[in-house]
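Colleague: One structure, as structure tokens, below. Some questions next.
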Amino acid sequence: FIDAIDGKTLPAADGVQALSPEVSYVMANMMESVTTTGTGAKVGATLKIPIAGKTGTSNDARDCWFIGMTPDYTIGVWVGYDDTRPMPGEQGARVAAPIFTDILEQWKQPAKEFVRPPHVVDATIDKVTGLLAPDGAPKDTTLDEVFVEGTQPTGTAPKPGEATESSSVTGEYGD
């Protein structure tokens with residue numbers, strides 16, 4: 001929130017809930033993957049605490065950023081030139097994420113998990129089809145994901161070598 005502009009205090013704005021706690025948790029969980037196995041993996045490996053984040057790089061690398069959050073803080077780091085000159089070869093993960101990491105290292109944040117609300121469920125998903133993984137599926141072919149209850153896939157992917165016409169993602173998800 002903006003508290004003041006040019007030293008003039010502004011009245012506090014009323015907060016409005018934009019997302020349900022369940023949708024917020026699913027989004028944060030998805031963004032944690034960025035810092036464990038994605039473009040921001042170096043952030044997670046360095047800090048060793050739960051971090052959700054998103055790297056970004058605009059066309060011609062005119063803007064590079066990393067937005068990261070813990071359960072208590074959200075920090076945005078932007079790197080670029082005010083005159084929009086490009087930064088050839090740069091990326092948010094390479095120039096902005098390390099700044100975020102430096103800030104959090106100095107703050108010495110505790111390892112605090114994002115609060116999981118009720119009505120969030122786990123499902124093991126087949127990487128190829130997006131359906132529920134069949135029993136006994138090899139770990140390297142699956143992903144463990146969270147869903148708002150009722151939105152998880154309901155169909156099960158075929159076992160390797162058992163593909164059928166009806167094993168596509170279309171029509172296999174819950175309402």
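Scheme for the structure tokens: letters A, B, ... for chains in order shown; per-chain residue numbers from 1; ligand numbers from 1 in order shown.
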Can you list every residue in region 55-92 of chain A that DSSP puts in strand (DSSP E), as a list of chain:residue names?

Modeller: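 Everything in region 55-92 of chain A that counts as strand (DSSP E) is A:Thr55, A:Gly56, A:Thr57, A:Asp63, A:Cys64, A:Trp65, A:Phe66, A:Ile67, A:Gly68, A:Met69, A:Thr74, A:Ile75, A:Gly76, A:Val77, A:Trp78, A:Val79, A:Gly80.
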
Colleague: Mind dumping the selected residues with N, CA and C atoms as a PDB file, in the first residue's frame?

Modeller:
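After the write, part06.pdb holds the following:
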ATOM      1  N   THR A  55      10.426 -15.509 -12.265  1.00  0.00           N
ATOM      2  CA  THR A  55      11.430 -14.734 -12.992  1.00  0.00           C
ATOM      3  C   THR A  55      10.771 -14.153 -14.225  1.00  0.00           C
ATOM      4  N   GLY A  56      11.373 -13.131 -14.785  1.00  0.00           N
ATOM      5  CA  GLY A  56      10.826 -12.554 -16.010  1.00  0.00           C
ATOM      6  C   GLY A  56      11.861 -11.757 -16.763  1.00  0.00           C
ATOM      7  N   THR A  57      11.716 -11.797 -18.081  1.00  0.00           N
ATOM      8  CA  THR A  57      12.600 -11.042 -18.975  1.00  0.00           C
ATOM      9  C   THR A  57      11.758 -10.560 -20.144  1.00  0.00           C
ATOM     10  N   ASP A  63      13.816  -5.309 -19.663  1.00  0.00           N
ATOM     11  CA  ASP A  63      13.393  -5.422 -18.270  1.00  0.00           C
ATOM     12  C   ASP A  63      13.677  -6.846 -17.803  1.00  0.00           C
ATOM     13  N   CYS A  64      14.296  -6.972 -16.653  1.00  0.00           N
ATOM     14  CA  CYS A  64      14.524  -8.270 -16.031  1.00  0.00           C
ATOM     15  C   CYS A  64      14.023  -8.165 -14.600  1.00  0.00           C
ATOM     16  N   TRP A  65      13.318  -9.171 -14.132  1.00  0.00           N
ATOM     17  CA  TRP A  65      12.776  -9.073 -12.787  1.00  0.00           C
ATOM     18  C   TRP A  65      12.705 -10.422 -12.116  1.00  0.00           C
ATOM     19  N   PHE A  66      12.557 -10.359 -10.812  1.00  0.00           N
ATOM     20  CA  PHE A  66      12.222 -11.522  -9.997  1.00  0.00           C
ATOM     21  C   PHE A  66      11.283 -11.025  -8.921  1.00  0.00           C
ATOM     22  N   ILE A  67      10.135 -11.664  -8.818  1.00  0.00           N
ATOM     23  CA  ILE A  67       9.189 -11.389  -7.743  1.00  0.00           C
ATOM     24  C   ILE A  67       9.211 -12.631  -6.861  1.00  0.00           C
ATOM     25  N   GLY A  68       9.536 -12.444  -5.599  1.00  0.00           N
ATOM     26  CA  GLY A  68       9.605 -13.581  -4.691  1.00  0.00           C
ATOM     27  C   GLY A  68       8.817 -13.313  -3.435  1.00  0.00           C
ATOM     28  N   MET A  69       8.318 -14.400  -2.828  1.00  0.00           N
ATOM     29  CA  MET A  69       7.564 -14.212  -1.593  1.00  0.00           C
ATOM     30  C   MET A  69       7.763 -15.367  -0.642  1.00  0.00           C
ATOM     31  N   THR A  74       6.637 -10.077   0.371  1.00  0.00           N
ATOM     32  CA  THR A  74       6.741 -10.152  -1.083  1.00  0.00           C
ATOM     33  C   THR A  74       7.696  -9.054  -1.513  1.00  0.00           C
ATOM     34  N   ILE A  75       8.674  -9.430  -2.327  1.00  0.00           N
ATOM     35  CA  ILE A  75       9.695  -8.483  -2.768  1.00  0.00           C
ATOM     36  C   ILE A  75       9.795  -8.565  -4.276  1.00  0.00           C
ATOM     37  N   GLY A  76       9.762  -7.418  -4.927  1.00  0.00           N
ATOM     38  CA  GLY A  76       9.949  -7.358  -6.366  1.00  0.00           C
ATOM     39  C   GLY A  76      11.270  -6.667  -6.679  1.00  0.00           C
ATOM     40  N   VAL A  77      12.050  -7.289  -7.550  1.00  0.00           N
ATOM     41  CA  VAL A  77      13.331  -6.716  -7.975  1.00  0.00           C
ATOM     42  C   VAL A  77      13.274  -6.532  -9.484  1.00  0.00           C
ATOM     43  N   TRP A  78      13.500  -5.315  -9.929  1.00  0.00           N
ATOM     44  CA  TRP A  78      13.539  -4.988 -11.361  1.00  0.00           C
ATOM     45  C   TRP A  78      14.926  -4.490 -11.699  1.00  0.00           C
ATOM     46  N   VAL A  79      15.450  -4.956 -12.825  1.00  0.00           N
ATOM     47  CA  VAL A  79      16.745  -4.489 -13.316  1.00  0.00           C
ATOM     48  C   VAL A  79      16.548  -4.038 -14.758  1.00  0.00           C
ATOM     49  N   GLY A  80      16.995  -2.844 -15.061  1.00  0.00           N
ATOM     50  CA  GLY A  80      16.884  -2.320 -16.417  1.00  0.00           C
ATOM     51  C   GLY A  80      17.351  -0.878 -16.447  1.00  0.00           C
TER      52      GLY A  80
END

Colleague: Within 9 Å of Glu90 (chain A), counting only C-alpha atoms, which residues qualify if same-chain residues fewer than 2 places away don't, as a PDB file with N, CA, C and O atoms, in the first residue's frame?

Modeller:
ATOM      1  N   THR A  57      11.716 -11.797 -18.081  1.00  0.00           N
ATOM      2  CA  THR A  57      12.600 -11.042 -18.975  1.00  0.00           C
ATOM      3  C   THR A  57      11.758 -10.560 -20.144  1.00  0.00           C
ATOM      4  O   THR A  57      11.092 -11.362 -20.801  1.00  0.00           O
ATOM      5  N   ASP A  60      14.054  -8.283 -25.836  1.00  0.00           N
ATOM      6  CA  ASP A  60      15.366  -7.632 -25.897  1.00  0.00           C
ATOM      7  C   ASP A  60      15.979  -7.387 -24.519  1.00  0.00           C
ATOM      8  O   ASP A  60      16.880  -6.573 -24.384  1.00  0.00           O
ATOM      9  N   ALA A  61      15.470  -8.072 -23.513  1.00  0.00           N
ATOM     10  CA  ALA A  61      15.984  -7.930 -22.142  1.00  0.00           C
ATOM     11  C   ALA A  61      16.028  -6.463 -21.713  1.00  0.00           C
ATOM     12  O   ALA A  61      16.976  -5.998 -21.097  1.00  0.00           O
ATOM     13  N   ARG A  62      14.989  -5.730 -22.046  1.00  0.00           N
ATOM     14  CA  ARG A  62      14.895  -4.338 -21.592  1.00  0.00           C
ATOM     15  C   ARG A  62      14.517  -4.288 -20.111  1.00  0.00           C
ATOM     16  O   ARG A  62      14.823  -3.323 -19.421  1.00  0.00           O
ATOM     17  N   CYS A  64      14.296  -6.972 -16.653  1.00  0.00           N
ATOM     18  CA  CYS A  64      14.524  -8.270 -16.031  1.00  0.00           C
ATOM     19  C   CYS A  64      14.023  -8.165 -14.600  1.00  0.00           C
ATOM     20  O   CYS A  64      14.270  -7.168 -13.930  1.00  0.00           O
ATOM     21  N   PRO A  86      18.248  -2.048 -24.229  1.00  0.00           N
ATOM     22  CA  PRO A  86      18.295  -3.490 -23.963  1.00  0.00           C
ATOM     23  C   PRO A  86      19.556  -3.884 -23.196  1.00  0.00           C
ATOM     24  O   PRO A  86      20.550  -3.157 -23.195  1.00  0.00           O
ATOM     25  N   MET A  87      19.476  -5.010 -22.563  1.00  0.00           N
ATOM     26  CA  MET A  87      20.614  -5.603 -21.850  1.00  0.00           C
ATOM     27  C   MET A  87      20.856  -6.970 -22.491  1.00  0.00           C
ATOM     28  O   MET A  87      20.404  -7.999 -21.971  1.00  0.00           O
ATOM     29  N   PRO A  88      21.499  -6.999 -23.639  1.00  0.00           N
ATOM     30  CA  PRO A  88      21.637  -8.251 -24.393  1.00  0.00           C
ATOM     31  C   PRO A  88      22.162  -9.403 -23.531  1.00  0.00           C
ATOM     32  O   PRO A  88      23.118  -9.252 -22.788  1.00  0.00           O
ATOM     33  N   GLY A  92      16.063 -12.357 -16.018  1.00  0.00           N
ATOM     34  CA  GLY A  92      15.659 -12.119 -14.638  1.00  0.00           C
ATOM     35  C   GLY A  92      16.317 -13.073 -13.662  1.00  0.00           C
ATOM     36  O   GLY A  92      16.712 -12.682 -12.563  1.00  0.00           O
ATOM     37  N   ALA A  93      16.440 -14.338 -14.059  1.00  0.00           N
ATOM     38  CA  ALA A  93      17.055 -15.328 -13.173  1.00  0.00           C
ATOM     39  C   ALA A  93      18.530 -15.018 -12.917  1.00  0.00           C
ATOM     40  O   ALA A  93      19.058 -15.345 -11.858  1.00  0.00           O
ATOM     41  N   ARG A  94      19.182 -14.382 -13.860  1.00  0.00           N
ATOM     42  CA  ARG A  94      20.623 -14.126 -13.737  1.00  0.00           C
ATOM     43  C   ARG A  94      20.931 -12.792 -13.051  1.00  0.00           C
ATOM     44  O   ARG A  94      21.922 -12.674 -12.344  1.00  0.00           O
ATOM     45  N   VAL A  95      20.086 -11.754 -13.242  1.00  0.00           N
ATOM     46  CA  VAL A  95      20.436 -10.442 -12.690  1.00  0.00           C
ATOM     47  C   VAL A  95      19.519  -9.960 -11.565  1.00  0.00           C
ATOM     48  O   VAL A  95      19.973  -9.253 -10.673  1.00  0.00           O
TER      49      VAL A  95
END

Colleague: Within region 74-168 of chain A, find each residue whose DSSP state, derived from the backbone, is helix (DSSP H, G or I), and express the selection as an MDAnalysis selection string.

Modeller: chainID A and resid 92:95 97:107 139:141 165:167

Colleague: Using N, CA and C atoms, can you write the selected residues to a file as a PDB file, in the first residue's frame?

Modeller:
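out-v7.pdb, written as the output of this step:
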ATOM      1  N   GLY A  92      16.063 -12.357 -16.018  1.00  0.00           N
ATOM      2  CA  GLY A  92      15.659 -12.119 -14.638  1.00  0.00           C
ATOM      3  C   GLY A  92      16.317 -13.073 -13.662  1.00  0.00           C
ATOM      4  N   ALA A  93      16.440 -14.338 -14.059  1.00  0.00           N
ATOM      5  CA  ALA A  93      17.055 -15.328 -13.173  1.00  0.00           C
ATOM      6  C   ALA A  93      18.530 -15.018 -12.917  1.00  0.00           C
ATOM      7  N   ARG A  94      19.182 -14.382 -13.860  1.00  0.00           N
ATOM      8  CA  ARG A  94      20.623 -14.126 -13.737  1.00  0.00           C
ATOM      9  C   ARG A  94      20.931 -12.792 -13.051  1.00  0.00           C
ATOM     10  N   VAL A  95      20.086 -11.754 -13.242  1.00  0.00           N
ATOM     11  CA  VAL A  95      20.436 -10.442 -12.690  1.00  0.00           C
ATOM     12  C   VAL A  95      19.519  -9.960 -11.565  1.00  0.00           C
ATOM     13  N   ALA A  97      17.133 -12.130  -9.680  1.00  0.00           N
ATOM     14  CA  ALA A  97      16.984 -13.131  -8.620  1.00  0.00           C
ATOM     15  C   ALA A  97      18.134 -13.095  -7.608  1.00  0.00           C
ATOM     16  N   PRO A  98      19.385 -12.904  -8.032  1.00  0.00           N
ATOM     17  CA  PRO A  98      20.457 -12.819  -7.021  1.00  0.00           C
ATOM     18  C   PRO A  98      20.297 -11.642  -6.061  1.00  0.00           C
ATOM     19  N   ILE A  99      19.704 -10.548  -6.520  1.00  0.00           N
ATOM     20  CA  ILE A  99      19.469  -9.403  -5.628  1.00  0.00           C
ATOM     21  C   ILE A  99      18.442  -9.785  -4.568  1.00  0.00           C
ATOM     22  N   PHE A 100      17.373 -10.431  -4.999  1.00  0.00           N
ATOM     23  CA  PHE A 100      16.366 -10.939  -4.057  1.00  0.00           C
ATOM     24  C   PHE A 100      17.026 -11.861  -3.038  1.00  0.00           C
ATOM     25  N   THR A 101      17.852 -12.776  -3.528  1.00  0.00           N
ATOM     26  CA  THR A 101      18.532 -13.732  -2.645  1.00  0.00           C
ATOM     27  C   THR A 101      19.392 -13.003  -1.629  1.00  0.00           C
ATOM     28  N   ASP A 102      20.140 -12.002  -2.065  1.00  0.00           N
ATOM     29  CA  ASP A 102      20.990 -11.229  -1.143  1.00  0.00           C
ATOM     30  C   ASP A 102      20.159 -10.561  -0.049  1.00  0.00           C
ATOM     31  N   ILE A 103      19.015 -10.004  -0.432  1.00  0.00           N
ATOM     32  CA  ILE A 103      18.149  -9.340   0.552  1.00  0.00           C
ATOM     33  C   ILE A 103      17.682 -10.344   1.603  1.00  0.00           C
ATOM     34  N   LEU A 104      17.163 -11.480   1.147  1.00  0.00           N
ATOM     35  CA  LEU A 104      16.647 -12.460   2.108  1.00  0.00           C
ATOM     36  C   LEU A 104      17.753 -13.090   2.946  1.00  0.00           C
ATOM     37  N   GLU A 105      18.935 -13.259   2.395  1.00  0.00           N
ATOM     38  CA  GLU A 105      20.050 -13.777   3.202  1.00  0.00           C
ATOM     39  C   GLU A 105      20.362 -12.815   4.341  1.00  0.00           C
ATOM     40  N   GLN A 106      20.332 -11.517   4.070  1.00  0.00           N
ATOM     41  CA  GLN A 106      20.617 -10.529   5.113  1.00  0.00           C
ATOM     42  C   GLN A 106      19.518 -10.502   6.167  1.00  0.00           C
ATOM     43  N   TRP A 107      18.274 -10.752   5.755  1.00  0.00           N
ATOM     44  CA  TRP A 107      17.149 -10.736   6.687  1.00  0.00           C
ATOM     45  C   TRP A 107      17.093 -11.984   7.553  1.00  0.00           C
ATOM     46  N   LYS A 139       8.173 -42.780 -10.919  1.00  0.00           N
ATOM     47  CA  LYS A 139       8.235 -41.416 -10.367  1.00  0.00           C
ATOM     48  C   LYS A 139       8.657 -40.380 -11.404  1.00  0.00           C
ATOM     49  N   ASP A 140       9.528 -40.746 -12.341  1.00  0.00           N
ATOM     50  CA  ASP A 140      10.000 -39.767 -13.325  1.00  0.00           C
ATOM     51  C   ASP A 140       8.943 -39.417 -14.373  1.00  0.00           C
ATOM     52  N   THR A 141       7.778 -40.079 -14.322  1.00  0.00           N
ATOM     53  CA  THR A 141       6.695 -39.783 -15.267  1.00  0.00           C
ATOM     54  C   THR A 141       5.538 -39.052 -14.597  1.00  0.00           C
ATOM     55  N   GLU A 165      -7.987 -44.305 -27.242  1.00  0.00           N
ATOM     56  CA  GLU A 165      -8.524 -43.048 -27.798  1.00  0.00           C
ATOM     57  C   GLU A 165      -9.062 -42.142 -26.707  1.00  0.00           C
ATOM     58  N   SER A 166      -9.595 -42.706 -25.654  1.00  0.00           N
ATOM     59  CA  SER A 166     -10.220 -41.891 -24.603  1.00  0.00           C
ATOM     60  C   SER A 166      -9.226 -41.430 -23.544  1.00  0.00           C
ATOM     61  N   SER A 167      -7.922 -41.600 -23.780  1.00  0.00           N
ATOM     62  CA  SER A 167      -6.945 -41.233 -22.738  1.00  0.00           C
ATOM     63  C   SER A 167      -6.427 -39.810 -22.907  1.00  0.00           C
TER      64      SER A 167
END

Colleague: Pick the closest to Tyr25 (chain A) from A:Leu131, A:Asp126, A:Asp6, A:Glu145: which is it, counting only C-alpha atoms?

Modeller: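 Once distances to Tyr25 (chain A) are computed over only C-alpha atoms, the minimum belongs to A:Glu145.
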
Colleague: How far is it from CA of Asp135 (chain A) to CA of Ala123 (chain A), in Å with one decimal?

Modeller: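 Going from CA of Asp135 (chain A) over to CA of Ala123 (chain A) covers 12.1 Å.
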
Colleague: Select, from A:Leu47, A:Ala137, A:Leu132, A:Leu143, the residue with the minimum atom-to-atom distance to Lys112 (chain A), counting only C-alpha atoms.

Modeller: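 Smallest distance to Lys112 (chain A) is found for A:Leu47.
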
Colleague: Counting only C-alpha atoms, which residue out of A:Pro138, A:Pro50, A:Pro160, A:Gly40 sits closest to Tyr73 (chain A)?

Modeller: A:Pro50
